[in-house]
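Notes for the one structure printed next.
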Amino acid sequence: MLLIDTVGEGIYKGGNPASYPVKKFHLFRLDIVNQCLWRRTETGQDERIRLTPKAFAVLRYLADHAGRLVTQEELLNALWPDTFVQPEILKGHILNIRKALGDRPKNPQFIETLPRRGYQFIAPVRDESTPAFTPLRLAAELPFRTVVGRSTQIDELRKCLQRTLGNKRQIVFITGEAGIGKTALADEFQLQVRLDRPGVHIARGQCVEGYGGVEAYYPILEALGQLCQGLEGEPVVQILATQAPTWLVQFPALVNSEQREILQGEILGATRERMLREIGVALETITSEKPLLLVLEDMQWADPSTLDLISALARRRQSAKLMLIGTYRPVDIVLSDHPLEALKRDLLIHHLCREIALKPLGEAEVAQYLAFESGGAAVPGGLARMIYRHTEGNPLFMVAVLEHMQGRGLIAVENGTWQIRVALDEIDLEAPESLRQMIELQIERLSEEERRVLEVASVTGALFTPAVRAAVADADAENLENLCEGLARRYQIVRSVDSKEFPDGTTSARYEFVHALYREVLYHRLSPERRARIHLHVGERLEALYAQRPGDAAPELAQHFEQGGDWLRAIKYLQLAADTAGRRFEPRQAADILEHSLKLVKRLPDGEHAEHETTILDKLAKIYIDWLREATST
């Protein structure tokens, strides 16, 4: 299933198109209503650039007052009214805005810093109106992205919406690892609701990671602010004024000074319990006329007050046409001991919420995405398998690896077909820098002991056992198994698989890396010298474990001894692997293995060349003679 999401374009089905204000400067467009920033690319398409809500507010304020100095005090008073914050908070937001715009502090095009005074937006700004909707066009005419393999999840969300329209409030959590497509799924569902149910209110809130504390109800306030905008927002403001004054006072721009004074009098002595009660009643009133879809992103950073509100909304008995979707990464709430996990479990037990846990894509879905990228043309054999094997079906990893390969000139789409510039078996895929940095951040959260365990495990292989790892480090196997189990349970970097019994009778638990990219990043964190030492130790341990049946592990033993620089033992096990391939009637594989072992023979001291070279050449000659006889007889 291919799901289409418009980028920078609305879709209109019936009625009269409205318009809303935007601010344009250079290649950028500041969308005031949807609170997002767009950049026009070289291909003429609009690319959305993500900004935190506060960074967007800072950029908008500066653009609104372009051409003049905006002092730090003015910015703080405008964006943090009645709240004391340090002026240094502005520096972080300005830095994020500059990164988004590609602006340089020393030679600015957009924001000039005036030391100890404030900031000035120096680019020319045009105020324009953009149609809120455009006539429906064919999908081929729209810039889009695909969300592959999520039809079941979309159907489940649609069923939840149907219950919402029947006055049954719905709480849905979309969960999964980073890059699995949580936001893409929520975006697609939101788009479908806009098209199929134009009478549904839609509001979105973004939870943000707070290093110095997070504002209470931050994502809820952001979503309410969207509901209060424009002509359709006036009834919402009136409802807040009469039923939730403690919430309306949070939006000073929506009321005049006289109304603000009245509100301040009404909320004297207000408590957090009152805020929860008021917004619960107000949302029921708001949704009595029009259903509301409320989307909260990145709830692993949700503040406690927001969680209290979600709990209260889920447990209220009154009917409401309210559907709340929250997205989050489970591993982050486990690491930080975030209360969201306990809340979700409790709501699930009482059937007050649903969880949609996204899994990686399958190889067929990766092939489907590749076919779509080339306009439906056939995908070269092996390409989808290689991408799937390297990314384990993670959509973000898949797209990043594809872009990385195209950037290196390994593959390309030309005239609607995939072009493979290098033989697939010769392509050495690397983790793109963006993904490497993301994985590095996860690794840095581990303890030093956990990092060491995983680094050695990366040398052991995609599958590893604590028994081998313990012998390499001269450590206790049981303690290492407990540590690996904790890593699998908490961090989702590795996962437990079936146990392994070695020929000597030893039994050990086994684990594997969730993604090949995790192993690759960990492997390259080691110095070449340390990698070689660990490979050698792993080879020696496996050699002892497989002493009774060395042929069972010959390819693995050869690989470890080769990487460890023990050429003699690597050649020994390569020949053993070739013999096994010959007995299985795989002469081509046997010949390839022997050809590789000949290359290693050249690394031996001069006095040891001849004997091993002669043995290998004799085996090769026999393979080729048998091969020729078979071809002649055929």
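The chains in the structure tokens are called A, B, ... from first to last as shown; in each chain the residues are counted from 1, and the ligands are counted from 1 in the order shown.
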
Legend entry - All strand (DSSP E) residues (DSSP, backbone) inside region 190-427 of chain A, as a PyMOL selection string: chain A and resi 201-206+292-297+322-328+354-357+411-414+417-420

I'd like the contact shell of region 103-105 of chain A - 12 Å cut-off, only C-alpha atoms, skipping same-chain residues fewer than 6 positions apart - returned as an mmCIF file with N, CA, C and O atoms, in the first residue's frame.
```
data_model
loop_
_atom_site.group_PDB
_atom_site.id
_atom_site.type_symbol
_atom_site.label_atom_id
_atom_site.label_comp_id
_atom_site.auth_asym_id
_atom_site.auth_seq_id
_atom_site.Cartn_x
_atom_site.Cartn_y
_atom_site.Cartn_z
ATOM 1 N N LYS A 91 19.458 32.480 23.205
ATOM 2 C CA LYS A 91 20.608 32.085 22.379
ATOM 3 C C LYS A 91 20.385 30.716 21.744
ATOM 4 O O LYS A 91 20.711 30.499 20.581
ATOM 5 N N ILE A 94 17.806 31.082 18.915
ATOM 6 C CA ILE A 94 18.407 31.768 17.762
ATOM 7 C C ILE A 94 19.357 30.837 17.019
ATOM 8 O O ILE A 94 19.396 30.810 15.775
ATOM 9 N N LEU A 95 20.116 30.025 17.771
ATOM 10 C CA LEU A 95 21.029 29.065 17.143
ATOM 11 C C LEU A 95 20.255 28.062 16.293
ATOM 12 O O LEU A 95 20.634 27.767 15.151
ATOM 13 N N ASN A 96 19.140 27.540 16.824
ATOM 14 C CA ASN A 96 18.323 26.585 16.060
ATOM 15 C C ASN A 96 17.723 27.222 14.810
ATOM 16 O O ASN A 96 17.645 26.601 13.751
ATOM 17 N N ILE A 97 17.308 28.483 14.934
ATOM 18 C CA ILE A 97 16.736 29.186 13.776
ATOM 19 C C ILE A 97 17.808 29.377 12.715
ATOM 20 O O ILE A 97 17.564 29.180 11.520
ATOM 21 N N ILE A 111 19.334 37.000 10.357
ATOM 22 C CA ILE A 111 19.279 37.515 11.731
ATOM 23 C C ILE A 111 20.644 38.062 12.133
ATOM 24 O O ILE A 111 21.635 37.322 12.137
ATOM 25 N N GLU A 112 20.668 39.341 12.454
ATOM 26 C CA GLU A 112 21.907 39.978 12.902
ATOM 27 C C GLU A 112 21.853 40.160 14.425
ATOM 28 O O GLU A 112 20.851 40.623 14.973
ATOM 29 N N THR A 113 22.915 39.730 15.087
ATOM 30 C CA THR A 113 23.009 39.899 16.535
ATOM 31 C C THR A 113 23.659 41.238 16.851
ATOM 32 O O THR A 113 24.742 41.547 16.337
ATOM 33 N N LEU A 114 23.004 42.027 17.676
ATOM 34 C CA LEU A 114 23.555 43.296 18.142
ATOM 35 C C LEU A 114 23.963 43.091 19.597
ATOM 36 O O LEU A 114 23.106 43.001 20.483
ATOM 37 N N PRO A 115 25.268 42.932 19.848
ATOM 38 C CA PRO A 115 25.750 42.517 21.170
ATOM 39 C C PRO A 115 25.160 43.356 22.307
ATOM 40 O O PRO A 115 25.070 44.577 22.236
ATOM 41 N N TYR A 119 18.391 41.533 18.687
ATOM 42 C CA TYR A 119 18.501 40.957 17.357
ATOM 43 C C TYR A 119 17.696 41.786 16.356
ATOM 44 O O TYR A 119 16.750 42.485 16.726
ATOM 45 N N GLN A 120 18.117 41.694 15.093
ATOM 46 C CA GLN A 120 17.404 42.394 14.023
ATOM 47 C C GLN A 120 17.267 41.470 12.829
ATOM 48 O O GLN A 120 18.247 40.852 12.385
ATOM 49 N N PHE A 121 16.041 41.338 12.317
ATOM 50 C CA PHE A 121 15.806 40.551 11.115
ATOM 51 C C PHE A 121 16.093 41.445 9.919
ATOM 52 O O PHE A 121 15.404 42.452 9.698
ATOM 53 N N ILE A 122 17.123 41.115 9.134
ATOM 54 C CA ILE A 122 17.624 42.037 8.111
ATOM 55 C C ILE A 122 17.192 41.659 6.697
ATOM 56 O O ILE A 122 17.413 42.413 5.757
ATOM 57 N N ALA A 123 16.584 40.486 6.506
ATOM 58 C CA ALA A 123 16.143 40.095 5.159
ATOM 59 C C ALA A 123 14.821 40.772 4.833
ATOM 60 O O ALA A 123 13.976 40.979 5.710
#
```

Give me, as a tab-separated table, each residue of region 268-332 of chain A that comes within 12 Å of region 146-167 of chain A, together with its shortest interatomic pair and the distance in Å at one decimal, counting only C-alpha atoms, with rows ordered by chain and rising residue number.
```
residue	atom	partner	partner_atom	distance
A:Glu284	CA	A:Asn167	CA	10.0
A:Thr287	CA	A:Asn167	CA	9.0
A:Ser288	CA	A:Asn167	CA	8.6
A:Glu289	CA	A:Leu165	CA	10.9
A:Lys290	CA	A:Leu165	CA	9.1
A:Pro291	CA	A:Leu165	CA	6.6
A:Leu292	CA	A:Thr164	CA	8.7
A:Leu293	CA	A:Leu161	CA	8.4
A:Leu294	CA	A:Leu161	CA	11.4
A:Arg317	CA	A:Asn167	CA	11.2
A:Gln318	CA	A:Asn167	CA	9.2
A:Ser319	CA	A:Asn167	CA	5.4
A:Ala320	CA	A:Asn167	CA	5.0
A:Lys321	CA	A:Asn167	CA	4.7
A:Leu322	CA	A:Thr164	CA	6.0
A:Met323	CA	A:Thr164	CA	6.1
A:Leu324	CA	A:Thr164	CA	9.8
A:Ile325	CA	A:Leu157	CA	9.2
```

Inset, instruction - Have a look at A:Gly326, A:Ser447, A:Leu410, A:Glu512 and name the one nearest to Leu429 (chain A); count only C-alpha atoms. - result: A:Leu410

Show which residues sit within 9 Å of region 524-536 of chain A, as a short mmCIF file (atom, residue, chain, number, x, y, z; two decimals) with all heavy atoms, in the first residue's frame. Count only C-alpha atoms, and ignore same-chain residues fewer than 2 positions away.
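The resulting file, part33.cif, is reproduced below:
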```
data_model
loop_
_atom_site.label_atom_id
_atom_site.label_comp_id
_atom_site.auth_asym_id
_atom_site.auth_seq_id
_atom_site.Cartn_x
_atom_site.Cartn_y
_atom_site.Cartn_z
N GLU A 455 30.79 -3.36 22.35
CA GLU A 455 31.90 -3.21 21.40
C GLU A 455 32.54 -4.56 21.09
O GLU A 455 32.83 -4.87 19.93
CB GLU A 455 32.92 -2.22 21.96
CG GLU A 455 32.46 -0.77 21.89
CD GLU A 455 33.39 0.18 22.63
OE1 GLU A 455 34.32 -0.28 23.32
OE2 GLU A 455 33.17 1.40 22.52
N VAL A 456 32.76 -5.38 22.14
CA VAL A 456 33.32 -6.71 21.90
C VAL A 456 32.31 -7.57 21.15
O VAL A 456 32.67 -8.33 20.24
CB VAL A 456 33.71 -7.38 23.24
CG1 VAL A 456 34.14 -8.82 23.01
CG2 VAL A 456 34.84 -6.60 23.90
N VAL A 459 32.41 -7.29 17.44
CA VAL A 459 33.48 -8.04 16.79
C VAL A 459 33.08 -9.51 16.68
O VAL A 459 33.38 -10.18 15.69
CB VAL A 459 34.80 -7.91 17.59
CG1 VAL A 459 35.90 -8.77 16.97
CG2 VAL A 459 35.23 -6.45 17.64
N THR A 460 32.38 -10.01 17.70
CA THR A 460 31.96 -11.41 17.70
C THR A 460 31.08 -11.72 16.51
O THR A 460 31.19 -12.77 15.89
CB THR A 460 31.22 -11.74 19.01
OG1 THR A 460 32.05 -11.37 20.12
CG2 THR A 460 30.89 -13.21 19.10
N VAL A 472 36.59 -14.11 26.18
CA VAL A 472 37.46 -13.10 25.58
C VAL A 472 37.93 -12.10 26.64
O VAL A 472 39.07 -11.67 26.66
CB VAL A 472 36.72 -12.38 24.44
CG1 VAL A 472 37.52 -11.18 23.95
CG2 VAL A 472 36.48 -13.34 23.29
N ALA A 473 36.99 -11.72 27.53
CA ALA A 473 37.30 -10.69 28.53
C ALA A 473 37.71 -11.29 29.86
O ALA A 473 37.93 -10.56 30.83
CB ALA A 473 36.08 -9.79 28.74
N ARG A 519 25.66 -2.43 15.05
CA ARG A 519 26.91 -3.21 15.13
C ARG A 519 28.04 -2.50 14.39
O ARG A 519 29.17 -2.43 14.86
CB ARG A 519 26.68 -4.60 14.53
CG ARG A 519 27.96 -5.44 14.54
CD ARG A 519 27.79 -6.81 13.92
NE ARG A 519 29.06 -7.49 13.88
CZ ARG A 519 29.67 -7.88 12.77
NH1 ARG A 519 29.12 -7.68 11.59
NH2 ARG A 519 30.85 -8.49 12.83
N GLU A 520 27.71 -1.95 13.21
CA GLU A 520 28.75 -1.27 12.43
C GLU A 520 29.34 -0.08 13.17
O GLU A 520 30.56 0.09 13.22
CB GLU A 520 28.16 -0.81 11.10
CG GLU A 520 29.14 -0.07 10.21
CD GLU A 520 28.48 0.49 8.97
OE1 GLU A 520 27.53 -0.12 8.46
OE2 GLU A 520 28.92 1.57 8.52
N VAL A 521 28.48 0.74 13.77
CA VAL A 521 28.96 1.91 14.49
C VAL A 521 29.81 1.50 15.69
O VAL A 521 30.88 2.05 15.94
CB VAL A 521 27.79 2.80 14.94
CG1 VAL A 521 28.26 3.91 15.87
CG2 VAL A 521 27.09 3.41 13.72
N LEU A 522 29.35 0.49 16.44
CA LEU A 522 30.11 0.01 17.60
C LEU A 522 31.45 -0.58 17.15
O LEU A 522 32.48 -0.37 17.80
CB LEU A 522 29.29 -1.05 18.34
CG LEU A 522 28.15 -0.51 19.22
CD1 LEU A 522 27.11 -1.60 19.46
CD2 LEU A 522 28.68 0.04 20.53
N VAL A 538 38.50 -14.11 20.04
CA VAL A 538 37.22 -14.76 19.71
C VAL A 538 37.49 -16.04 18.92
O VAL A 538 36.88 -17.09 19.17
CB VAL A 538 36.30 -13.81 18.93
CG1 VAL A 538 35.09 -14.56 18.38
CG2 VAL A 538 35.84 -12.65 19.81
N GLY A 539 38.40 -15.96 17.95
CA GLY A 539 38.74 -17.14 17.16
C GLY A 539 39.28 -18.26 18.03
O GLY A 539 38.90 -19.43 17.85
N GLU A 540 40.13 -17.94 18.97
CA GLU A 540 40.69 -18.96 19.85
C GLU A 540 39.63 -19.60 20.73
O GLU A 540 39.63 -20.81 20.97
CB GLU A 540 41.80 -18.34 20.71
CG GLU A 540 43.04 -17.98 19.90
CD GLU A 540 44.03 -17.13 20.68
OE1 GLU A 540 43.63 -16.60 21.75
OE2 GLU A 540 45.18 -17.00 20.23
N ARG A 541 38.67 -18.77 21.22
CA ARG A 541 37.61 -19.32 22.06
C ARG A 541 36.70 -20.22 21.24
O ARG A 541 36.32 -21.33 21.67
CB ARG A 541 36.79 -18.17 22.68
CG ARG A 541 35.58 -18.61 23.47
CD ARG A 541 35.94 -19.59 24.57
NE ARG A 541 34.77 -19.96 25.36
CZ ARG A 541 34.69 -21.05 26.12
NH1 ARG A 541 35.73 -21.89 26.19
NH2 ARG A 541 33.61 -21.31 26.82
N GLN A 559 37.35 -16.25 9.33
CA GLN A 559 37.16 -14.79 9.32
C GLN A 559 37.81 -14.13 10.53
O GLN A 559 38.49 -13.11 10.41
CB GLN A 559 35.66 -14.49 9.29
CG GLN A 559 35.32 -13.02 9.08
CD GLN A 559 34.96 -12.31 10.37
OE1 GLN A 559 34.63 -12.94 11.36
NE2 GLN A 559 35.05 -11.00 10.37
N HIS A 560 37.64 -14.72 11.72
CA HIS A 560 38.22 -14.13 12.93
C HIS A 560 39.74 -14.19 12.90
O HIS A 560 40.41 -13.22 13.27
CB HIS A 560 37.69 -14.84 14.18
CG HIS A 560 36.29 -14.44 14.54
ND1 HIS A 560 35.95 -13.14 14.85
CD2 HIS A 560 35.13 -15.16 14.61
CE1 HIS A 560 34.65 -13.07 15.12
NE2 HIS A 560 34.13 -14.28 14.97
N PHE A 561 40.30 -15.31 12.46
CA PHE A 561 41.77 -15.41 12.44
C PHE A 561 42.37 -14.50 11.36
O PHE A 561 43.46 -13.94 11.54
CB PHE A 561 42.20 -16.87 12.24
CG PHE A 561 42.05 -17.70 13.47
CD1 PHE A 561 41.30 -18.87 13.47
CD2 PHE A 561 42.66 -17.31 14.66
CE1 PHE A 561 41.17 -19.63 14.62
CE2 PHE A 561 42.53 -18.07 15.81
CZ PHE A 561 41.78 -19.23 15.80
N GLU A 562 41.65 -14.35 10.25
CA GLU A 562 42.15 -13.42 9.22
C GLU A 562 42.15 -11.98 9.75
O GLU A 562 43.13 -11.25 9.60
CB GLU A 562 41.29 -13.51 7.96
CG GLU A 562 41.75 -12.55 6.86
CD GLU A 562 40.93 -12.68 5.60
OE1 GLU A 562 40.15 -13.63 5.47
OE2 GLU A 562 41.08 -11.78 4.72
N GLN A 563 41.03 -11.57 10.38
CA GLN A 563 40.96 -10.22 10.93
C GLN A 563 41.93 -10.04 12.08
O GLN A 563 42.38 -8.92 12.35
CB GLN A 563 39.54 -9.92 11.40
CG GLN A 563 38.50 -9.88 10.29
CD GLN A 563 38.77 -8.80 9.28
OE1 GLN A 563 39.25 -7.71 9.62
NE2 GLN A 563 38.49 -9.08 8.01
N GLY A 564 42.27 -11.14 12.76
CA GLY A 564 43.22 -11.06 13.87
C GLY A 564 44.67 -11.17 13.43
O GLY A 564 45.58 -11.09 14.27
N GLY A 565 44.91 -11.38 12.13
CA GLY A 565 46.28 -11.42 11.62
C GLY A 565 46.96 -12.77 11.77
O GLY A 565 48.17 -12.87 11.55
N ASP A 566 46.23 -13.81 12.11
CA ASP A 566 46.81 -15.16 12.21
C ASP A 566 46.56 -15.85 10.87
O ASP A 566 45.60 -16.60 10.70
CB ASP A 566 46.16 -15.93 13.36
CG ASP A 566 46.88 -17.25 13.66
OD1 ASP A 566 47.49 -17.81 12.74
OD2 ASP A 566 46.83 -17.70 14.83
#
```
